[in-house]
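Asks: I am attaching a structure below and will ask some questions about it afterwards.
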Amino acid sequence: MPDFKIAPMVQAPLILLIAMISMQSSGSFAKYLFGQFPILTVSAMRLLLGAAVLALIFKIWQINFRQVKWSAIISYGLALAGMNMLFYLAIDRLPLGIAVSFEFIGPLSVALFHARQKFDFIWVGLAILGLVLLFPFDQTAQPLDPIGILFALSAGACWALYIVAGQKPSGVSGNHTVCLGMFVGMLVLMPIALFAGMPAHTFEPISLMYFLALAILASALPFTLEMIALRNLTALSFGTLMSLEPAIAAFSGFIFLGETLLWTQWLALGTIISASIGCTVTMQKRKNKSI
């Protein structure tokens, strides 16, 4: 019989694609839950159960807490909490693909901040063009919510801080850093969610099942799959593939939520993705030359 095994270098992109689909589908599921729970409740419960699931997967009890550098963990957790809360506030007011595109400017800005080559001006120009095209200038189209845009850009800023904080030495493995950071983020968001008013039915079994599904889709599954994919992907491949997230988010919003975009906004997604891919390639070439 013929052997239909998939080569590792083909498996890895497929695994990463599944991880991105899982992450962006979780955004659609979160928007569905907004009709039943306050946004802050959804955000806090996602971090609570996501941290618990990852703690089991990555065996958090094996951590030597004496080695933990809490300043790095706390800054990481604060950035994670802000990114999660602000993104959920953004997608409550904006189509999913639009929100992810605005948010994606955060990590793209971090990459471009360290860019120095002449081609970098092209990527900056594409990113700016993408932002301009996101706005529906057609008067018959529904205007974008300015507060939603502000939330999305703020989530992107937290994403940038999340990247910077994640690069600081934490004293433990990257997986354990994520677990502890999520617990810190949950401890920040949970009091805010309780103060804002958490419904009594939040902790009912059926509600916990919803939040557990969200936590798995948004945290446990994509983080685990990304870790597996990274074993057979270069930094260039990983960064380039991750640049597809805005498009995947737009398709997820279209399929699950019926969200539609103008052709100019689809073009905007394409320009932002192109800027991210170009930036990734440029950064990788510079890294290779410096070795």
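Residues are referred to by chain and number: the chain letter is A, B, ... according to the order shown in the structure tokens, the number counts from 1 in that chain, and ligands are numbered separately from 1 in the order shown.
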Can you pull out the residues contacting segment 188-194 of chain A? Cut-off 10 Å, using only C-alpha atoms, and skip same-chain residues under 5 positions away; I want them as a list in words.

Replies: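 After dropping sequence-adjacent residues, the list is Pro38, Ile39, Leu40, Thr41, Val42, Ser43, Ala44, Met45, Leu47, Leu48, Gly77, Leu78, Ala81, Gly82, Asn84, Met85, Met182, Phe183 and Pro199 of chain A.
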
Asks: With a distance cut-off of 12 Å and only C-alpha atoms, select the neighbouring residues of Ile149 of chain A, excluding the residue or stretch itself and same-chain residues fewer than 3 positions from it, and output the selection as an MDAnalysis selection string.

Replies: chainID A and resid 86:96 98:103 105 131 134:135 143:146 152:156

Asks: Mind checking which residues fall within 7 Å of segment 10-27 of chain A, counting only C-alpha atoms, ignoring those fewer than 4 positions away in the same chain, and posting them as a VMD selection string?

Replies: chain A and resid 6 31 214 217 to 218 221 to 222 225 to 226 229 232 to 233 245 248 to 249 252

Asks: Please provide as a ChimeraX atom specification all residues within 12 Å of Ala165 of chain A, with the sequence filter that same-chain residues fewer than 6 positions apart are discarded (counting only C-alpha atoms).

Replies: /A:69-80,158-159,174,177-178,181

Asks: Find the residues around Ala268 of chain A up to 12 Å (only C-alpha atoms counted), leave out those fewer than 4 positions away in its own chain, and share them as a list in words.

Replies: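 Listed by chain and then number, they are Gly97, Ile98, Val100, Ser101, Phe102, Leu126, Ala127, Ile128, Leu129, Gly130, Leu131, Val132, Leu133, Leu134, Phe135, Pro136, Pro246, Ala247, Ala250, Leu261, Leu262, Trp263, Thr264, Ile272, Ile273, Ser274 and Ala275 of chain A.
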
Asks: With distances taken over only C-alpha atoms, which of A:Leu33, A:Ala55, A:Ile277, A:Met83 is nearest to Val124 of chain A?

Replies: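 Checking each candidate against Val124 of chain A, we get A:Ile277 as the closest.
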